[in-house]
>>> print(open('input_16.cif').read())   # mmCIF, C-alpha atoms
data_start
#
loop_
_atom_site.group_PDB
_atom_site.id
_atom_site.type_symbol
_atom_site.label_atom_id
_atom_site.label_comp_id
_atom_site.auth_asym_id
_atom_site.auth_seq_id
_atom_site.Cartn_x
_atom_site.Cartn_y
_atom_site.Cartn_z
ATOM 1 C CA GLN A 157 -31.587 -15.006 -35.679
ATOM 2 C CA ALA A 158 -29.689 -13.819 -38.725
ATOM 3 C CA ILE A 159 -32.890 -12.521 -40.322
ATOM 4 C CA THR A 160 -33.870 -10.712 -37.129
ATOM 5 C CA ARG A 161 -30.408 -9.170 -36.883
ATOM 6 C CA LYS A 162 -30.585 -8.020 -40.536
ATOM 7 C CA ILE A 163 -34.020 -6.441 -39.959
ATOM 8 C CA GLU A 164 -32.682 -4.619 -36.889
ATOM 9 C CA GLU A 165 -29.729 -3.293 -38.923
ATOM 10 C CA GLN A 166 -32.031 -2.052 -41.682
ATOM 11 C CA HIS A 167 -34.300 -0.431 -39.105
ATOM 12 C CA THR A 168 -31.338 1.439 -37.592
ATOM 13 C CA GLU A 169 -30.148 2.581 -41.025
ATOM 14 C CA GLU A 170 -33.626 3.924 -41.833
ATOM 15 C CA GLN A 171 -33.728 5.793 -38.511
ATOM 16 C CA VAL A 172 -30.418 7.490 -39.256
ATOM 17 C CA ARG A 173 -31.536 8.423 -42.782
ATOM 18 C CA LEU A 174 -34.845 9.862 -41.601
ATOM 19 C CA GLN A 175 -33.145 11.849 -38.865
ATOM 20 C CA ALA A 176 -30.603 13.261 -41.310
ATOM 21 C CA LEU A 177 -33.252 14.208 -43.879
ATOM 22 C CA THR A 178 -35.843 15.750 -41.579
ATOM 23 C CA GLY A 179 -34.015 16.740 -38.409
ATOM 24 C CA ALA A 180 -36.638 14.804 -36.464
ATOM 25 C CA HIS A 181 -35.629 12.405 -33.735
ATOM 26 C CA VAL A 182 -36.396 8.743 -34.295
ATOM 27 C CA VAL A 183 -36.460 7.095 -30.892
ATOM 28 C CA ASP A 184 -37.231 3.608 -29.593
ATOM 29 C CA TYR A 185 -39.146 3.285 -26.325
ATOM 30 C CA LEU A 186 -39.690 0.095 -24.363
ATOM 31 C CA ILE A 187 -43.164 0.210 -22.838
ATOM 32 C CA ARG A 188 -42.759 -0.707 -19.191
ATOM 33 C CA PRO A 189 -45.509 -2.541 -17.255
ATOM 34 C CA ASN A 190 -46.199 0.601 -15.166
ATOM 35 C CA ALA A 191 -46.638 2.838 -18.239
ATOM 36 C CA PRO A 192 -49.887 4.802 -18.522
ATOM 37 C CA ILE A 193 -50.347 3.627 -22.121
ATOM 38 C CA VAL A 194 -50.334 -0.124 -21.390
ATOM 39 C CA HIS A 195 -53.569 -1.730 -22.691
ATOM 40 C CA GLN A 196 -54.578 1.462 -24.526
ATOM 41 C CA ARG A 197 -55.244 1.626 -28.238
ATOM 42 C CA VAL A 198 -52.924 3.825 -30.280
ATOM 43 C CA LYS A 199 -55.779 6.182 -31.190
ATOM 44 C CA ASP A 200 -56.734 6.698 -27.526
ATOM 45 C CA VAL A 201 -53.301 7.873 -26.355
ATOM 46 C CA LYS A 202 -52.729 11.614 -26.112
ATOM 47 C CA TRP A 203 -49.424 11.605 -28.007
ATOM 48 C CA PRO A 204 -47.179 14.683 -27.891
ATOM 49 C CA SER A 205 -47.723 17.049 -30.794
ATOM 50 C CA GLU A 206 -45.219 16.544 -33.597
ATOM 51 C CA SER A 207 -44.978 12.834 -32.741
ATOM 52 C CA ALA A 208 -45.975 9.738 -34.690
ATOM 53 C CA VAL A 209 -45.627 6.041 -33.896
ATOM 54 C CA ALA A 210 -43.852 4.470 -36.857
ATOM 55 C CA VAL A 211 -43.652 0.826 -35.814
ATOM 56 C CA ILE A 212 -44.295 -1.479 -32.867
ATOM 57 C CA ARG A 213 -42.016 -4.413 -32.139
ATOM 58 C CA ARG A 214 -43.666 -7.177 -30.138
ATOM 59 C CA GLY A 215 -41.218 -9.988 -29.586
ATOM 60 C CA GLU A 216 -40.014 -10.997 -33.037
ATOM 61 C CA ARG A 217 -42.950 -9.340 -34.835
ATOM 62 C CA LEU A 218 -42.968 -5.914 -36.462
ATOM 63 C CA ILE A 219 -46.422 -4.355 -36.345
ATOM 64 C CA VAL A 220 -47.551 -1.392 -38.423
ATOM 65 C CA PRO A 221 -49.596 0.569 -35.893
ATOM 66 C CA ARG A 222 -53.236 1.263 -36.575
ATOM 67 C CA GLY A 223 -55.581 3.242 -34.388
ATOM 68 C CA SER A 224 -57.064 0.048 -32.995
ATOM 69 C CA THR A 225 -53.688 -1.551 -32.159
ATOM 70 C CA GLU A 226 -53.416 -2.196 -28.420
ATOM 71 C CA LEU A 227 -50.148 -1.265 -26.756
ATOM 72 C CA ARG A 228 -48.743 -3.889 -24.405
ATOM 73 C CA ALA A 229 -46.097 -4.012 -21.733
ATOM 74 C CA TRP A 230 -42.679 -4.848 -23.205
ATOM 75 C CA ASP A 231 -43.628 -3.640 -26.707
ATOM 76 C CA THR A 232 -40.963 -1.434 -28.247
ATOM 77 C CA ILE A 233 -42.360 1.520 -30.157
ATOM 78 C CA THR A 234 -40.403 3.577 -32.647
ATOM 79 C CA VAL A 235 -41.548 7.181 -32.595
ATOM 80 C CA VAL A 236 -40.668 10.122 -34.812
ATOM 81 C CA THR A 237 -40.722 13.190 -32.593
ATOM 82 C CA ASP A 238 -39.040 16.429 -31.630
ATOM 83 C CA PRO A 239 -36.915 16.980 -28.484
ATOM 84 C CA ILE A 240 -39.887 18.320 -26.508
ATOM 85 C CA GLY A 241 -41.923 15.227 -27.345
ATOM 86 C CA GLU A 242 -39.168 12.960 -26.054
ATOM 87 C CA ARG A 243 -39.750 14.088 -22.467
ATOM 88 C CA GLU A 244 -43.480 13.378 -22.690
ATOM 89 C CA LEU A 245 -42.842 10.017 -24.328
ATOM 90 C CA ASN A 246 -40.563 9.008 -21.463
ATOM 91 C CA VAL A 247 -43.513 9.496 -19.092
ATOM 92 C CA LEU A 248 -46.064 7.782 -21.361
ATOM 93 C CA THR A 249 -43.873 4.697 -21.763
ATOM 94 C CA GLY A 250 -43.005 4.412 -18.074
ATOM 95 C CA GLN A 251 -39.356 5.472 -18.339
ATOM 96 C CA THR A 252 -39.953 8.231 -15.794
ATOM 97 C CA VAL A 253 -42.914 9.194 -13.648
#
>>> encode(input="input_16.cif", output="structure tokens")
Amino acid sequence: QAITRKIEEQHTEEQVRLQALTGAHVVDYLIRPNAPIVHQRVKDVKWPSESAVAVIRRGERLIVPRGSTELRAWDTITVVTDPIGERELNVLTGQTV
């Protein structure tokens, strides 16, 4: 648990640094079971422009996303995006319909 907590802290620090350096938003999204992207591969999703998936957390695992990586319900994705992309990402991940 201590290792997981330390990784989470480092992840948050990196998000803050990236946001400060680039002005981009670094946002975590929990993929809900009703999300349109569940069971899709990363490369098949029509992501908002100016958005990139940086990492996928699946349980205790951190996954570097590849085009062939399948997105699953309850994955948490960290996305670098702009404010406009955030609205679209909320829909894609099942936060809003």
>>> resolve_selection(input="input_16.cif", expression="the PyMOL selection byres ((chain A and resi 217) around 12)", output="ChimeraX atom specification")
/A:159-160,163-164,211-216,218-221,231-233
>>> resolve_selection(input="input_16.cif", expression="the PyMOL selection byres ((chain A and resi 181) around 8)", output="list in words")
Gln175, Gly179, Ala180, Val182, Val183, Val235, Val236, Thr237, Asp238 and Pro239 of chain A
>>> closest_residue(input="input_16.cif", among="A:Glu165, A:Glu170, A:Glu244, A:Glu226", to="Val194 in chain A", atoms="only C-alpha atoms")
A:Glu226
>>> atom_distance(input="input_16.cif", atom1="CA of Arg222 in chain A", atom2="CA of Arg197 in chain A")
8.6 Å
>>> closest_residue(input="input_16.cif", among="A:Ser224, A:Gln251, A:Thr168, A:Gln157", to="Val201 in chain A", atoms="all atoms listed in the file")
A:Ser224
>>> closest_residue(input="input_16.cif", among="A:Val198, A:Glu206, A:Thr234, A:Gly250", to="Asp184 in chain A", atoms="all atoms listed in the file")
A:Thr234
>>> closest_residue(input="input_16.cif", among="A:Ala210, A:Val247, A:Leu186, A:Ala158", to="Arg228 in chain A", atoms="all atoms listed in the file")
A:Leu186
>>> closest_residue(input="input_16.cif", among="A:Gln166, A:Gly223, A:Thr252, A:Arg161", to="Pro192 in chain A", atoms="all atoms listed in the file")
A:Thr252
>>> decode(input="input_16.cif", residues="range 233-248 of chain A", atoms="all heavy atoms", output="short mmCIF file (atom, residue, chain, number, x, y, z; two decimals), in the first residue's frame")
data_model
loop_
_atom_site.label_atom_id
_atom_site.label_comp_id
_atom_site.auth_asym_id
_atom_site.auth_seq_id
_atom_site.Cartn_x
_atom_site.Cartn_y
_atom_site.Cartn_z
N ILE A 233 -8.23 6.59 -16.77
CA ILE A 233 -7.30 7.09 -17.78
C ILE A 233 -6.88 8.51 -17.40
O ILE A 233 -7.69 9.30 -16.91
CB ILE A 233 -7.90 7.06 -19.20
CG1 ILE A 233 -9.19 7.85 -19.30
CG2 ILE A 233 -8.10 5.63 -19.67
CD1 ILE A 233 -9.75 7.98 -20.72
N THR A 234 -5.61 8.79 -17.61
CA THR A 234 -5.10 10.14 -17.42
C THR A 234 -4.90 10.73 -18.80
O THR A 234 -4.21 10.15 -19.64
CB THR A 234 -3.77 10.13 -16.65
OG1 THR A 234 -4.00 9.51 -15.38
CG2 THR A 234 -3.24 11.53 -16.44
N VAL A 235 -5.55 11.87 -19.03
CA VAL A 235 -5.57 12.48 -20.36
C VAL A 235 -5.04 13.90 -20.27
O VAL A 235 -5.40 14.65 -19.37
CB VAL A 235 -7.00 12.49 -20.94
CG1 VAL A 235 -7.01 13.08 -22.34
CG2 VAL A 235 -7.60 11.10 -20.93
N VAL A 236 -4.18 14.25 -21.21
CA VAL A 236 -3.73 15.63 -21.37
C VAL A 236 -4.64 16.24 -22.43
O VAL A 236 -4.77 15.69 -23.53
CB VAL A 236 -2.26 15.69 -21.83
CG1 VAL A 236 -1.80 17.14 -21.98
CG2 VAL A 236 -1.36 14.94 -20.87
N THR A 237 -5.29 17.33 -22.08
CA THR A 237 -6.29 17.90 -22.98
C THR A 237 -6.43 19.40 -22.75
O THR A 237 -5.78 19.98 -21.89
CB THR A 237 -7.65 17.18 -22.78
OG1 THR A 237 -8.56 17.60 -23.80
CG2 THR A 237 -8.24 17.45 -21.42
N ASP A 238 -7.31 20.00 -23.53
CA ASP A 238 -7.66 21.40 -23.31
C ASP A 238 -9.08 21.45 -22.74
O ASP A 238 -9.76 20.42 -22.68
CB ASP A 238 -7.52 22.21 -24.61
CG ASP A 238 -8.43 21.73 -25.73
OD1 ASP A 238 -9.36 20.93 -25.46
OD2 ASP A 238 -8.22 22.13 -26.87
N PRO A 239 -9.55 22.62 -22.30
CA PRO A 239 -10.87 22.70 -21.68
C PRO A 239 -12.01 22.19 -22.57
O PRO A 239 -12.96 21.59 -22.09
CB PRO A 239 -11.04 24.18 -21.36
CG PRO A 239 -9.65 24.70 -21.24
CD PRO A 239 -8.85 23.90 -22.23
N ILE A 240 -11.91 22.41 -23.86
CA ILE A 240 -12.96 21.95 -24.78
C ILE A 240 -12.98 20.42 -24.81
O ILE A 240 -14.04 19.80 -24.80
CB ILE A 240 -12.74 22.52 -26.19
CG1 ILE A 240 -12.91 24.05 -26.15
CG2 ILE A 240 -13.70 21.89 -27.20
CD1 ILE A 240 -12.45 24.76 -27.39
N GLY A 241 -11.82 19.81 -24.81
CA GLY A 241 -11.73 18.36 -24.82
C GLY A 241 -12.31 17.71 -23.57
O GLY A 241 -12.82 16.59 -23.61
N GLU A 242 -12.26 18.43 -22.45
CA GLU A 242 -12.78 17.87 -21.20
C GLU A 242 -14.26 17.53 -21.31
O GLU A 242 -14.69 16.49 -20.81
CB GLU A 242 -12.55 18.84 -20.05
CG GLU A 242 -11.11 18.90 -19.59
CD GLU A 242 -10.92 19.75 -18.35
OE1 GLU A 242 -11.72 19.60 -17.40
OE2 GLU A 242 -9.98 20.55 -18.34
N ARG A 243 -15.02 18.37 -21.96
CA ARG A 243 -16.47 18.10 -22.11
C ARG A 243 -16.69 16.82 -22.91
O ARG A 243 -17.51 15.98 -22.55
CB ARG A 243 -17.16 19.29 -22.77
CG ARG A 243 -17.27 20.50 -21.86
CD ARG A 243 -18.15 21.58 -22.47
NE ARG A 243 -17.55 22.18 -23.65
CZ ARG A 243 -16.80 23.28 -23.63
NH1 ARG A 243 -16.56 23.89 -22.50
NH2 ARG A 243 -16.30 23.77 -24.75
N GLU A 244 -15.97 16.67 -24.01
CA GLU A 244 -16.11 15.47 -24.84
C GLU A 244 -15.66 14.22 -24.09
O GLU A 244 -16.27 13.16 -24.21
CB GLU A 244 -15.29 15.62 -26.13
CG GLU A 244 -15.82 16.68 -27.08
CD GLU A 244 -14.93 16.81 -28.30
OE1 GLU A 244 -14.70 15.78 -28.97
OE2 GLU A 244 -14.46 17.93 -28.56
N LEU A 245 -14.60 14.35 -23.31
CA LEU A 245 -14.09 13.22 -22.54
C LEU A 245 -15.07 12.77 -21.47
O LEU A 245 -15.18 11.58 -21.16
CB LEU A 245 -12.73 13.56 -21.95
CG LEU A 245 -11.61 13.61 -22.99
CD1 LEU A 245 -10.41 14.38 -22.45
CD2 LEU A 245 -11.21 12.20 -23.41
N ASN A 246 -15.81 13.71 -20.90
CA ASN A 246 -16.85 13.35 -19.93
C ASN A 246 -17.88 12.43 -20.58
O ASN A 246 -18.32 11.45 -19.97
CB ASN A 246 -17.55 14.58 -19.38
CG ASN A 246 -16.75 15.25 -18.29
OD1 ASN A 246 -16.05 14.61 -17.52
ND2 ASN A 246 -16.85 16.56 -18.21
N VAL A 247 -18.26 12.71 -21.81
CA VAL A 247 -19.22 11.86 -22.53
C VAL A 247 -18.60 10.52 -22.88
O VAL A 247 -19.19 9.46 -22.63
CB VAL A 247 -19.74 12.57 -23.80
CG1 VAL A 247 -20.62 11.64 -24.61
CG2 VAL A 247 -20.51 13.85 -23.42
N LEU A 248 -17.39 10.53 -23.42
CA LEU A 248 -16.73 9.28 -23.83
C LEU A 248 -16.54 8.32 -22.66
O LEU A 248 -16.60 7.09 -22.84
CB LEU A 248 -15.36 9.58 -24.47
CG LEU A 248 -15.37 10.18 -25.86
CD1 LEU A 248 -13.96 10.55 -26.28
CD2 LEU A 248 -15.96 9.19 -26.85
#
